[in-house]
Amino acid sequence: MYKASYAQKEYELVRRESRSGFALSESELRQINDIVSPLLIKGQSLHHIAVHHADELMKSERTLYSYINSGLFTARNLDMPRTVRMRPRKNVSKNLKVDRACRLGRDFSCFQTYMEEHPDLSIRQIDSVEGSKGGAVLLTIHFVEQGLQLAFLRQHNDSQSVIDIFNRLYLGLRPDVFIELFPVLLADNGSEFSNPSAIESDMQGNPRTRRKKLGNKSPYEMFKFQYGKELLDAFHLQKIPADEIILSPALLK
């Protein structure tokens, strides 16, 4: 039979025994737990917490991991961020391609050769995030060096919706700024990227990509340092205070 009082006493005994190897008082533990646990539950990494609260915690990241593994905190290992497991991509039917010849001169080996010849160029990775089949999707643009990722909502996963987004960016940011921001675009073989020439060139056929081109800094800070706050405002991005960052699914509720 389950008895709450007995279970509580047993829990307290295990908790005391688990702390026997640590030079840590109850008040010290309570103070550290009050800082670390709420942020872990928000989905923040222990590294992020240790960096932004170094003066308050006065503990190394490794020590904090030991406390968590020993069950000293309210938060548990299950509350710590885990590596996202990506499901394998499904093969896309070839009849969705706009033009099979569009890959000529643009496969991955061509990309590698081009980057060896132009090592000063910055790479922007573009991809699609798809939910239910046939529904709305996101176009993501990842600024690799800065670690910043933008997401644009599209109602359909087709090539024209991708082209429309880049055309809007080209006109909204001005051609000279667009050319500086997007020198090299790296995409997969998805059908939505099957008209690369329309992305690489403007409506008059002028090329607008392939132009010349940090830690514990956030992607926001790196992007701001390199390109300025005005462009971040153009993307409607704002810096979130360290303790207000939420990386758990609760953010979407």
# chains A, B, ... in the order shown; residues from 1 in each chain; ligands from 1
call {"tool": "residues_around", "arguments": {"residues": "segment 204-209 of chain A", "least_positions_apart": "3", "cutoff": "6 Å", "atoms": "only C-alpha atoms", "output": "PDB file with N, CA, C and O atoms, in the first residue's frame"}}
result
ATOM      1  N   ILE A 179      22.204  41.980 -51.548  1.00  0.00           N
ATOM      2  CA  ILE A 179      23.414  41.369 -52.107  1.00  0.00           C
ATOM      3  C   ILE A 179      24.443  41.103 -51.012  1.00  0.00           C
ATOM      4  O   ILE A 179      25.129  40.084 -51.015  1.00  0.00           O
ATOM      5  N   PHE A 182      22.901  38.041 -48.696  1.00  0.00           N
ATOM      6  CA  PHE A 182      22.674  36.715 -49.272  1.00  0.00           C
ATOM      7  C   PHE A 182      23.642  36.417 -50.415  1.00  0.00           C
ATOM      8  O   PHE A 182      23.237  36.274 -51.570  1.00  0.00           O
ATOM      9  N   PRO A 183      24.955  36.303 -50.106  1.00  0.00           N
ATOM     10  CA  PRO A 183      25.919  36.023 -51.172  1.00  0.00           C
ATOM     11  C   PRO A 183      25.820  34.608 -51.723  1.00  0.00           C
ATOM     12  O   PRO A 183      25.931  34.396 -52.921  1.00  0.00           O
ATOM     13  N   VAL A 184      25.620  33.621 -50.842  1.00  0.00           N
ATOM     14  CA  VAL A 184      25.506  32.217 -51.267  1.00  0.00           C
ATOM     15  C   VAL A 184      24.333  31.580 -50.539  1.00  0.00           C
ATOM     16  O   VAL A 184      24.246  31.631 -49.308  1.00  0.00           O
ATOM     17  N   GLU A 200      18.178  33.431 -57.574  1.00  0.00           N
ATOM     18  CA  GLU A 200      19.505  34.035 -57.714  1.00  0.00           C
ATOM     19  C   GLU A 200      19.483  35.365 -58.466  1.00  0.00           C
ATOM     20  O   GLU A 200      20.403  36.175 -58.306  1.00  0.00           O
ATOM     21  N   SER A 201      18.454  35.596 -59.272  1.00  0.00           N
ATOM     22  CA  SER A 201      18.403  36.809 -60.088  1.00  0.00           C
ATOM     23  C   SER A 201      17.134  37.591 -59.802  1.00  0.00           C
ATOM     24  O   SER A 201      16.116  37.020 -59.384  1.00  0.00           O
TER      25      SER A 201
END
call {"tool": "select_by_dssp", "arguments": {"residues": "segment 162-225 of chain A", "states": "strand (DSSP E or B)", "output": "ChimeraX atom specification"}}
result
/A:184-186,201,207
call {"tool": "residues_around", "arguments": {"residues": "segment 22-39 of chain A", "least_positions_apart": "6", "cutoff": "12 Å", "atoms": "only C-alpha atoms", "output": "ChimeraX atom specification"}}
result
/A:15-16,45-61,63-68,70-81,242-248
call {"tool": "closest_residue", "arguments": {"among": "A:Asn189, A:Gln238, A:Gln44, A:Ser218", "to": "Ser159 of chain A", "atoms": "only C-alpha atoms"}}
result
A:Asn189
call {"tool": "residues_around", "arguments": {"residues": "Val162 of chain A", "least_positions_apart": "5", "cutoff": "9 Å", "atoms": "only C-alpha atoms", "output": "number ranges by chain"}}
result
A: 139, 154, 157, 167, 192-193, 199
call {"tool": "write_last_selection", "arguments": {"atoms": "C-alpha atoms", "output": "tab-separated table (two decimals), in the first residue's frame"}}
result
chain	number	residue	atom	x	y	z
A	139	LEU	CA	10.74	28.81	-45.18
A	154	ARG	CA	3.96	30.04	-46.68
A	157	ASN	CA	5.18	24.30	-50.31
A	167	ASN	CA	11.55	39.07	-54.14
A	192	GLU	CA	10.24	24.22	-53.64
A	193	PHE	CA	13.84	25.05	-54.60
A	199	ILE	CA	15.99	33.17	-56.59
call {"tool": "closest_residue", "arguments": {"among": "A:Leu237, A:Ile123, A:Cys110, A:Leu185", "to": "Glu145 of chain A", "atoms": "only C-alpha atoms"}}
result
A:Ile123
call {"tool": "closest_residue", "arguments": {"among": "A:Ala234, A:Pro241, A:Arg210, A:Pro249", "to": "Asp120 of chain A", "atoms": "only C-alpha atoms"}}
result
A:Arg210
call {"tool": "closest_residue", "arguments": {"among": "A:Ala187, A:Ile240, A:Leu232, A:Ala136", "to": "Phe111 of chain A", "atoms": "only C-alpha atoms"}}
result
A:Ala187
